[in-house]
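Down below is the structure, laid out as structure tokens.
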Amino acid sequence: MTSGTYTPLKLAVGYLVGTYLLFLTLGRAAESPNLVRLTLFVSAAVVALCLGYVVHARRQRPAPLVTVSAGANPQTPRLLVLVCATYVLLLGIAQLGLIGVSTPFELLQAVTNPGERYFHQLQQEGQFSRPVQVLTLLAMLYPLLIPLAVVHWSKLGGALRLYVLGSIGTYALYYMAIGILKGLGDMLIWWGASYLVLIGYRSARSAQARRAGRPRRWPHVLAACAMLLVFLGYMAYNQSERAKSAGQSPAAMGNPVVARVVGEDLAAGLAITMSYPTHGYLGLSHNLTVPFEWTKGVGASPALGSYLEQYAGIDPRYDTRYTARTELATGWPDGMYWSTIFPWLASDLTYPGSIAFMAVVGWFLAKFWLESVRQRRILSMALFGQLALLIAFVPANNQLGQTRPALIAFASLCVLSVATRVGQRLATAERPRAVPVAGRQRDGLPVGLGRPVGLSTVGR
């Protein structure tokens with residue numbers, strides 16, 4: 001085991017425990033109908049995540065780090081990066097067209113009035129666009145772009161870098177134009193997960209090469225903190241603008257000390273921002289008081305339910321899922337406020353089943369992390385980012401099943417990952433075994449056997 005084997009688990013546990021501690025200390029824990037039961041359940045879910053991760057990590061044997069040898073041509077997937085960037089650019093342009101933003105002036109107006117645009121977008125839900133519908137079916141390309149760009153950034157070339165930034169910027173402007181933070185948050189999470197993979201790979205390479213000294217981590221930490229602060233600052237501004245546009249008092253009062261520095265409106269926005277990753281635990285505590293009623297496999301994912309209803313005529317059972325029945329029983333609003341991921345999962349799996357699900361998430365989190373760092377496997381990087389997104393939204397909902405693009409992207413990546421693994425195993429099984437011949441050996445292997453062309457191992 002290397003020192004970075006458990007890095008994602010430490011970050012995930014720190015985030016989940018940290019948000020719950022914020023809920024207990026600064027959140028609405030006093031309103032919980034059964035705080036002890038809630039604490040025990042959240043603790044069990046975190047422990048399950050740890051167990052799944054540790055079980056997989058301990059089963060892995062130390063593997064050599066794969067890297068490009070000095071005499072080989074660097075294998076950078078520039079064409080795939082170009083295709084993914086073009087997809088994101090087209091998606092951003094199509095989405096801007098769908099909301100009626102077609103000129104730079106209209107875009108500027110929309111971006112500078114996020115609160116007004118947010119409520120306008122809520123009234124326009126259900127809009128249809130054939131280009132957007134077609135692009136949605138190719139949603140797998142969206143979560144591939146950022147991992148590919150981050151990991152291979154130094155080898156993309158100036159023109160392709162600018163193109164990637166332009167495509168991501170265009171899509172980010174779409175979310176800023178509708179005043180919704182979800183897309184910006186997704187991209188930030190994927191960037192963080194991909195950056196973590198890059199740091200992990202570099203650290204492992206340095207360790208195996210036995211280079212003097214440890215790699216400096218503070219520049220990476222500063223970069224991540226800067227990105228997070230920019231996002232939180234914009235989020236606070238967005239929330240304050242929503243309150244102004246609604247003509248209502250803010251949902252949370254700002255800290256008086258902070259208000260004297262940044263103003264009451266922005267202080268209120270910061271208070272609402274801080275409540276985002278915590279108030280879902282109160283929703284979970286209400287959901288835990290409602291008896292189980294099985295939703296027949298469609299309650300955990302609204303996107304899946306909508307597809308089954310539209311194309312197969314199957315009842316999506318929206319009214320029987322936990323969050324809907326909890327609103328009737330306790331008054332906790334379904335859809336307006338969060339309830340964490342667990343009531344969504346429990347609608348199909350029960351609450352004990354949702355805890356077991358977290359163990360599965362931990363197992364695959366370790367798997368995709370180790371494959372990303374050791375093998376630089378593209379699909380593992382993308383799926384690692386998907387699981388990072390799922391964990392980041394644990395205090396909110398089942399993010400990978402909420403929307404059709406998210407569901408299609410995750411399902412497509414899973415299917416493609418399984419298909420490539422099966423293909424590789426079949427190819428390996430059909431390949432004739434090499435017969436060692438007498439001659440000079442290197443590192444215990446006959447010369448020319450046992451190593452892929454153009455690849456080497458560092459620090460045997």
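Every chain in the structure tokens has a letter given in the order shown (A, B, ...), and although residue numbers restart at 1 in each chain, ligands are simply numbered from 1 in the order shown.
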
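The environment of Ala359 of chain A within 10 Å, counting only C-alpha atoms and disregarding residues fewer than 5 places along the same chain, consists of Ala45, Val46, Val47, Ala48, Leu49, Cys50, Leu51, Gly52, Tyr53, Val54, Val55, Gly353, Ser354, Phe364 and Leu365 of chain A.
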
Practice item. Pick out the residues sitting within 12 Å of Val197 of chain A, and hand them over as an NGL selection string; count only C-alpha atoms, and ignore anything fewer than 2 positions along from it in its own chain. Key: :A and (4-5 or 7-8 or 146-148 or 150-152 or 190-195 or 199-204 or 220 or 368-378 or 380-385 or 388)

**Study point:** Contacts of Trp344 of chain A within 8 Å, only C-alpha atoms, excl. fewer than 6 positions in-chain, as an NGL selection string
**Key:** :A and (299-301 or 321-323 or 397-398)

Check your understanding: When DSSP works through the backbone of this structure, what residues of segment 8-220 of chain A end up as helix (DSSP H, G or I), shown as a PyMOL selection string?
Key -> chain A and resi 8-25+29-31+35-59+78-98+104-111+114-123+130-136+141-151+153-155+158-178+182-208+218-220

Assign secondary structure with DSSP using the backbone only, and return the residues of segment 353-446 of chain A in strand (DSSP E) as a compact mmCIF listing (two decimals) with C-alpha atoms, in the first residue's frame.
# COMPACT_ATOMS: atom_id res chain seq x y z
CA GLN A 441 16.57 -12.18 -19.10
CA ARG A 442 15.87 -8.83 -17.52
CA LEU A 445 11.30 -11.79 -17.76
CA PRO A 446 12.61 -12.98 -21.11

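As for atom CA of Gly297 of chain A and atom CA of Leu379 of chain A, they are spaced 26.5 Å apart.
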
Practice item. Do a neighbour search on segment 164-177 of chain A at 9 Å with only C-alpha atoms, toss out local chain neighbours closer than 4 positions, and write the hits as number ranges by chain. Key: A: 81-82, 84-93, 95-96, 99, 101, 107-114, 117-118, 145-146, 149, 159-160, 181-184, 187

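Atom CA of Gln133 of chain A is found 26.4 Å from atom CA of Ala396 of chain A.
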
**Study point:** Residue with smallest distance to Phe292 of chain A - pool A:Asp348, A:Thr278, A:Leu308, A:Asp319, counting only C-alpha atoms
**Key:** A:Asp348

**Study point:** Val394 of chain A surroundings by only C-alpha atoms, 7 Å radius, close-in-sequence under 4 positions cut, as an MDAnalysis selection string
**Key:** chainID A and resid 340:341 390 398

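Using only C-alpha atoms, the smallest distance between any of A:Arg205, A:Arg28, A:His56, A:Arg78 and Lys155 of chain A comes from A:Arg78.
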
Exercise for review: Quote the spacing between atom CA of Leu35 of chain A and atom CA of Leu282 of chain A in Å to one decimal place.
Suggested key: 9.1 Å

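Distance check against Val298 of chain A using only C-alpha atoms: of A:Val360, A:Leu137, A:Leu345, A:Met227, the minimum falls on A:Leu345.
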